[in-house]
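Student: Starting off with a structure, shown below.
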Amino acid sequence: LFDFIAQCVTQFLAETNSPEANSEQCLPLGFVFPFTCQQTQLDKAELLSWSKGFNCSGVVGKDVVELLQAAIDKHAGPDKEGEASGGGGWFKSRKSSQSAPSQSRHVEVVALMNDTVGTMMTCSMEGRACEVGMVADKGSNCCFMAEAYLVETADETSGRMCVNTEWGCFGDDGALNDLCTPYDQAVDEESSNPGEKRFEKMVGTLYLGEIVRHVLIALTAEKAMFTGTDAAVLKEKGVFTMQHLLEIVNNEDRITEVKRILEALGLQPSERDCGRMQQICRAVLGRAATLHATGLAAILSYMCQTRDLESLMVNVGVEGELFAGYPRFEEILMSVSRLLAPECMATILASRDGSGRGAAMVTAVALRLAAQRRAVNEVLAPLRLSRDDLVKVQALMRQEMDLGLGKETNPSASVRMLPTYVTHTPDGTEKGDFLALDLGGTNFRVLVVRITAEGITMASEIYVIPVGIMQGSGEELFDHIIDCIIDFQTKQNLVAQMLPLGFTFSFPCQQVGLDKALLLTWTKGFSASGCVGQDVVQLLRDAAKRKRHLGMQVVALVNDTVGTMMACGYDDPKCEIGLIVGTGTNACYMEEMKNVGTVEGDQGRMCINMEWGAFGDNGCLDHLFTHFDQVVDETTINPGKQRFEKLISGMYLGEIVRQILVVMTEKELLFQGKPCPKLQTKDIFKTKFLSTIE
């Protein structure tokens, strides 16, 4: 079969004498294959079953696109090229392209579709959106645009996707047994696929003539027709065609024409026989049209319901022998579908060569989308990291860790490996009430934590730090923090108590004691003056004195990574690493003291705050930075710093995406090629949108 198709394609191309015959460019081919397939890609579809009298071996369960492409390649082989293409040289196989790099295969199957999809696509090209395609031909089928999230067999979840219903198989499970007549049963049993495509065998033009033949056989046996005449011709399968039926119901000179047709088939009808013949044909054709309308009504009501609409207006593209040849088909289709789905208003659009033109359109769309995908992939390529890239980053991180731990090399390391003076993780015996501050972004938390034998309970409140205070003076920032602490303690009735306070301060510090840490640099949008190089614990204490607040005692300052590790360590003593992936990013871990050259002593372990957000500030990661990363870095308040953090943390991801969107919009890959000035607004694309979309 596929060799025959390939030969026909070869012959057609040779006879057209098209200019493309001398071109080395690939000629894309769209393949309309109106049989039941499991389609997993536009160019990949496995045949599930034959119908319409086809029963070729070795195809069911195979990828029909692959079979056709293989046949085309075979006929394009070097030994058959002249013969297959009539000397035109249209096909060049994979084998020939490998041996001669300058040559390429000229025909490539890029899209496979059902004829219903082609019909829908053809009708969509007239400036009117068409969302349903129906074929009422030798076979019968319908497709429609469904909400993608409802198509559980596909990965796509956004927008809409065309679904090929394959409604010809409707009833194969026995659901239509009460509608099937003895004539339908006889037609099914004589078909090449008994028990399959039961709906299609009731409505497809390939079978309508056979249904009429079996009705005539039954009436002749009951002596209701053709009495006293030879009706042996009725035993011949296929004697009545769809064309006969249409001529019988459509002719103005009814009796005369019917008699002529029946006599031509070898029958000797009476005038009464001719009248009954018309009645039979109208009944069979009318039932076929009514069942098509019923299926359409089911689809329309489903579309309306799944879109949460009170009413639906939709265009329906229709094509096929029954639609084109039976004048009452459209009338029945409209009236019955409106009767069964009154909330839906369908406009019928006649498709012109949906299989041919539709295939070309889908192929053209496929090529356009493929070109867009290539362009998108080209934009995103710098963001894709190979395993070798990751191994290199891992090695560089280890190298910077070693430099940061060394006493002599620490000042030049981008990963500072700061000692925290936390030498033990919790063992579960800790008890008491504690205050906690958590400062690491535009919001900060004040907490009271109660640790008892029964577990940990806490109350907390989130306070906002205005941008003006984040980027104002240090006194304003720490005064604001103390005001928030006083407010929290008042609300919790803790003003009269002197509680130990732990201060989680998520910025790079040189810690010289558990309660003494010098701020090295601000990050995450903070730039309060008078703080860098100062002891942040003392800055907090000074603010408490200015506010005359004595209800707290700062006992420890820790990084948020240390707090994360300690919190998990209370439940699992084996926890020795803390990782933060939030507004910023950082990690800490328990290191052997003998490896920590920046602190005296070599016994036991100490928690090291890596401050890996600054990894790459010395240029070691320049090969990974994309154009988007560079633009984002240049627009921050600390260009050239915290380069690793700006690649991966929540504060910057939205901006990286915005820069990518800007470039894709400039390349007309988004928003239908239209400009989008809103994208020029900094920080408009919040990082939380990424999580929602993902």
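Following the order of the structure tokens, first chain is A, next is B, and so on, with residues numbered from 1 inside each chain and ligands from 1 in the order they appear.
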Write out as a list in words each polymer residue whose atoms come within 8 Å of segment 616-633 of chain A, counting only C-alpha atoms; drop sequence neighbours fewer than 5 positions from it.
Tutor: Pro382, Leu383, Val393, Leu396, Ala413, Ser414, Asn638, Pro639, Gly640, Lys641, Gln642, Arg643, Phe644, Lys646, Leu647, Tyr652, Glu655, Ile656, Gln659 and Ile660 of chain A
Student: Which neighbours of Arg307 of chain A fall inside 12 Å, counting only C-alpha atoms, when residues of the same chain fewer than 2 positions from it are skipped, and could you give them as a PDB file with N, CA and C atoms, in the first residue's frame?
Tutor:
```pdb
ATOM      1  N   MET A 145     -12.711  21.449  18.743  1.00  0.00           N
ATOM      2  CA  MET A 145     -11.708  22.074  19.600  1.00  0.00           C
ATOM      3  C   MET A 145     -12.154  21.933  21.053  1.00  0.00           C
ATOM      4  N   ALA A 146     -11.413  21.134  21.818  1.00  0.00           N
ATOM      5  CA  ALA A 146     -11.725  20.888  23.227  1.00  0.00           C
ATOM      6  C   ALA A 146     -10.768  21.674  24.109  1.00  0.00           C
ATOM      7  N   GLU A 147     -11.196  21.937  25.328  1.00  0.00           N
ATOM      8  CA  GLU A 147     -10.296  22.556  26.306  1.00  0.00           C
ATOM      9  C   GLU A 147      -9.156  21.576  26.577  1.00  0.00           C
ATOM     10  N   ALA A 148      -7.909  22.046  26.415  1.00  0.00           N
ATOM     11  CA  ALA A 148      -6.756  21.140  26.458  1.00  0.00           C
ATOM     12  C   ALA A 148      -6.639  20.410  27.786  1.00  0.00           C
ATOM     13  N   TYR A 149      -7.017  21.067  28.886  1.00  0.00           N
ATOM     14  CA  TYR A 149      -6.842  20.425  30.189  1.00  0.00           C
ATOM     15  C   TYR A 149      -7.746  19.208  30.350  1.00  0.00           C
ATOM     16  N   LEU A 150      -8.779  19.101  29.513  1.00  0.00           N
ATOM     17  CA  LEU A 150      -9.682  17.952  29.586  1.00  0.00           C
ATOM     18  C   LEU A 150      -9.151  16.750  28.813  1.00  0.00           C
ATOM     19  N   GLY A 159      -4.899  26.313  26.794  1.00  0.00           N
ATOM     20  CA  GLY A 159      -5.518  26.570  25.508  1.00  0.00           C
ATOM     21  C   GLY A 159      -6.483  25.466  25.104  1.00  0.00           C
ATOM     22  N   ARG A 160      -6.572  25.239  23.799  1.00  0.00           N
ATOM     23  CA  ARG A 160      -7.475  24.220  23.259  1.00  0.00           C
ATOM     24  C   ARG A 160      -6.729  23.300  22.315  1.00  0.00           C
ATOM     25  N   LEU A 300     -21.673  19.590  20.506  1.00  0.00           N
ATOM     26  CA  LEU A 300     -21.955  21.005  20.776  1.00  0.00           C
ATOM     27  C   LEU A 300     -22.324  21.223  22.236  1.00  0.00           C
ATOM     28  N   SER A 301     -23.161  20.358  22.798  1.00  0.00           N
ATOM     29  CA  SER A 301     -23.559  20.522  24.201  1.00  0.00           C
ATOM     30  C   SER A 301     -22.367  20.307  25.124  1.00  0.00           C
ATOM     31  N   TYR A 302     -21.469  19.392  24.744  1.00  0.00           N
ATOM     32  CA  TYR A 302     -20.249  19.174  25.533  1.00  0.00           C
ATOM     33  C   TYR A 302     -19.368  20.423  25.509  1.00  0.00           C
ATOM     34  N   MET A 303     -19.182  21.013  24.351  1.00  0.00           N
ATOM     35  CA  MET A 303     -18.371  22.230  24.237  1.00  0.00           C
ATOM     36  C   MET A 303     -18.956  23.350  25.077  1.00  0.00           C
ATOM     37  N   CYS A 304     -20.258  23.496  25.021  1.00  0.00           N
ATOM     38  CA  CYS A 304     -20.924  24.560  25.776  1.00  0.00           C
ATOM     39  C   CYS A 304     -20.752  24.352  27.280  1.00  0.00           C
ATOM     40  N   GLN A 305     -20.929  23.115  27.715  1.00  0.00           N
ATOM     41  CA  GLN A 305     -20.844  22.804  29.142  1.00  0.00           C
ATOM     42  C   GLN A 305     -19.426  22.973  29.668  1.00  0.00           C
ATOM     43  N   LEU A 309     -20.535  28.023  29.428  1.00  0.00           N
ATOM     44  CA  LEU A 309     -21.305  29.022  28.683  1.00  0.00           C
ATOM     45  C   LEU A 309     -22.799  28.737  28.814  1.00  0.00           C
ATOM     46  N   GLU A 310     -23.570  29.808  28.830  1.00  0.00           N
ATOM     47  CA  GLU A 310     -25.017  29.634  28.800  1.00  0.00           C
ATOM     48  C   GLU A 310     -25.487  29.290  27.396  1.00  0.00           C
ATOM     49  N   SER A 311     -24.799  29.820  26.392  1.00  0.00           N
ATOM     50  CA  SER A 311     -25.127  29.506  25.005  1.00  0.00           C
ATOM     51  C   SER A 311     -23.836  29.462  24.203  1.00  0.00           C
ATOM     52  N   LEU A 312     -23.880  28.716  23.119  1.00  0.00           N
ATOM     53  CA  LEU A 312     -22.687  28.541  22.282  1.00  0.00           C
ATOM     54  C   LEU A 312     -23.029  28.860  20.838  1.00  0.00           C
ATOM     55  N   MET A 313     -22.209  29.698  20.219  1.00  0.00           N
ATOM     56  CA  MET A 313     -22.324  29.947  18.785  1.00  0.00           C
ATOM     57  C   MET A 313     -21.039  29.454  18.145  1.00  0.00           C
TER      58      MET A 313
END
```
Student: Expressed in Å to a single decimal, how great is the separation between atom CA of Val663 of chain A and atom CA of Pro677 of chain A?
Tutor: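 For atom CA of Val663 of chain A relative to atom CA of Pro677 of chain A, the distance reads 12.3 Å.
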Student: Could you check which of A:Val212, A:Leu670, A:Val203, A:Ile348 is closest to Ala186 of chain A, using only C-alpha atoms?
Tutor: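 Nearest to Ala186 of chain A: A:Val212.
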Student: Mind giving me the straight-line distance from atom CA of Thr36 of chain A to atom CA of Ser51 of chain A in Å, one decimal?
Tutor: 8.1 Å
Student: Could you list, as a ChimeraX atom specification, every residue within 12 Å of segment 358-362 of chain A, counting only C-alpha atoms and ignoring same-chain residues fewer than 6 positions away?
Tutor: /A:27-34,42-43,109-125,133,162,317,319,351-352,368-370
Student: Would you list the contacts of Leu405 of chain A as an NGL selection string, taking every protein, DNA or RNA residue within 12 Å and counting only C-alpha atoms, but skipping same-chain residues closer than 2 positions in sequence?
Tutor: :A and (398-403 or 407-419 or 591-599 or 606 or 608-610)
Student: If you measure from atom CA of Gly584 of chain A to atom CA of Ser649 of chain A, what distance in Å do you get, rounded to one decimal?
Tutor: 4.9 Å
Student: Measuring atom to atom with only C-alpha atoms, identify which of A:Ile693, A:Phe199, A:Gly406, A:Val318 is nearest to Gly354 of chain A.
Tutor: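 Among A:Ile693, A:Phe199, A:Gly406, A:Val318, it is A:Val318 that comes nearest to Gly354 of chain A.
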Student: Considering only alpha helix (DSSP H) as DSSP defines it on the backbone, what residues of segment 207-257 of chain A qualify? List them as a PyMOL selection string.
Tutor: chain A and resi 207-221+242-250+254-257
Student: I need the strand (DSSP E or B) residues of segment 147-215 of chain A per DSSP on the backbone, written as a list in words.
Tutor: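 Selecting the strand (DSSP E or B) positions of segment 147-215 of chain A gives Glu147, Arg160, Met161, Cys162, Val163 and Asn164 of chain A.
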Student: With only C-alpha atoms as the counted atoms, please give the residues lying no more than 12 Å from Ser57 of chain A, apart from itself and same-chain residues fewer than 3 positions off, as a ChimeraX atom specification.
Tutor: /A:1-2,47,49-50,54,60-62
Student: Find the residues around segment 542-546 of chain A up to 9 Å (only C-alpha atoms counted), leave out those fewer than 6 positions away in its own chain, and share them as a list in words.
Tutor: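 Contacts, with the query itself left out: Glu475, Glu476, Phe478, Asp479, His480, Ile481, Ile482, Asp483 and Met552 of chain A.
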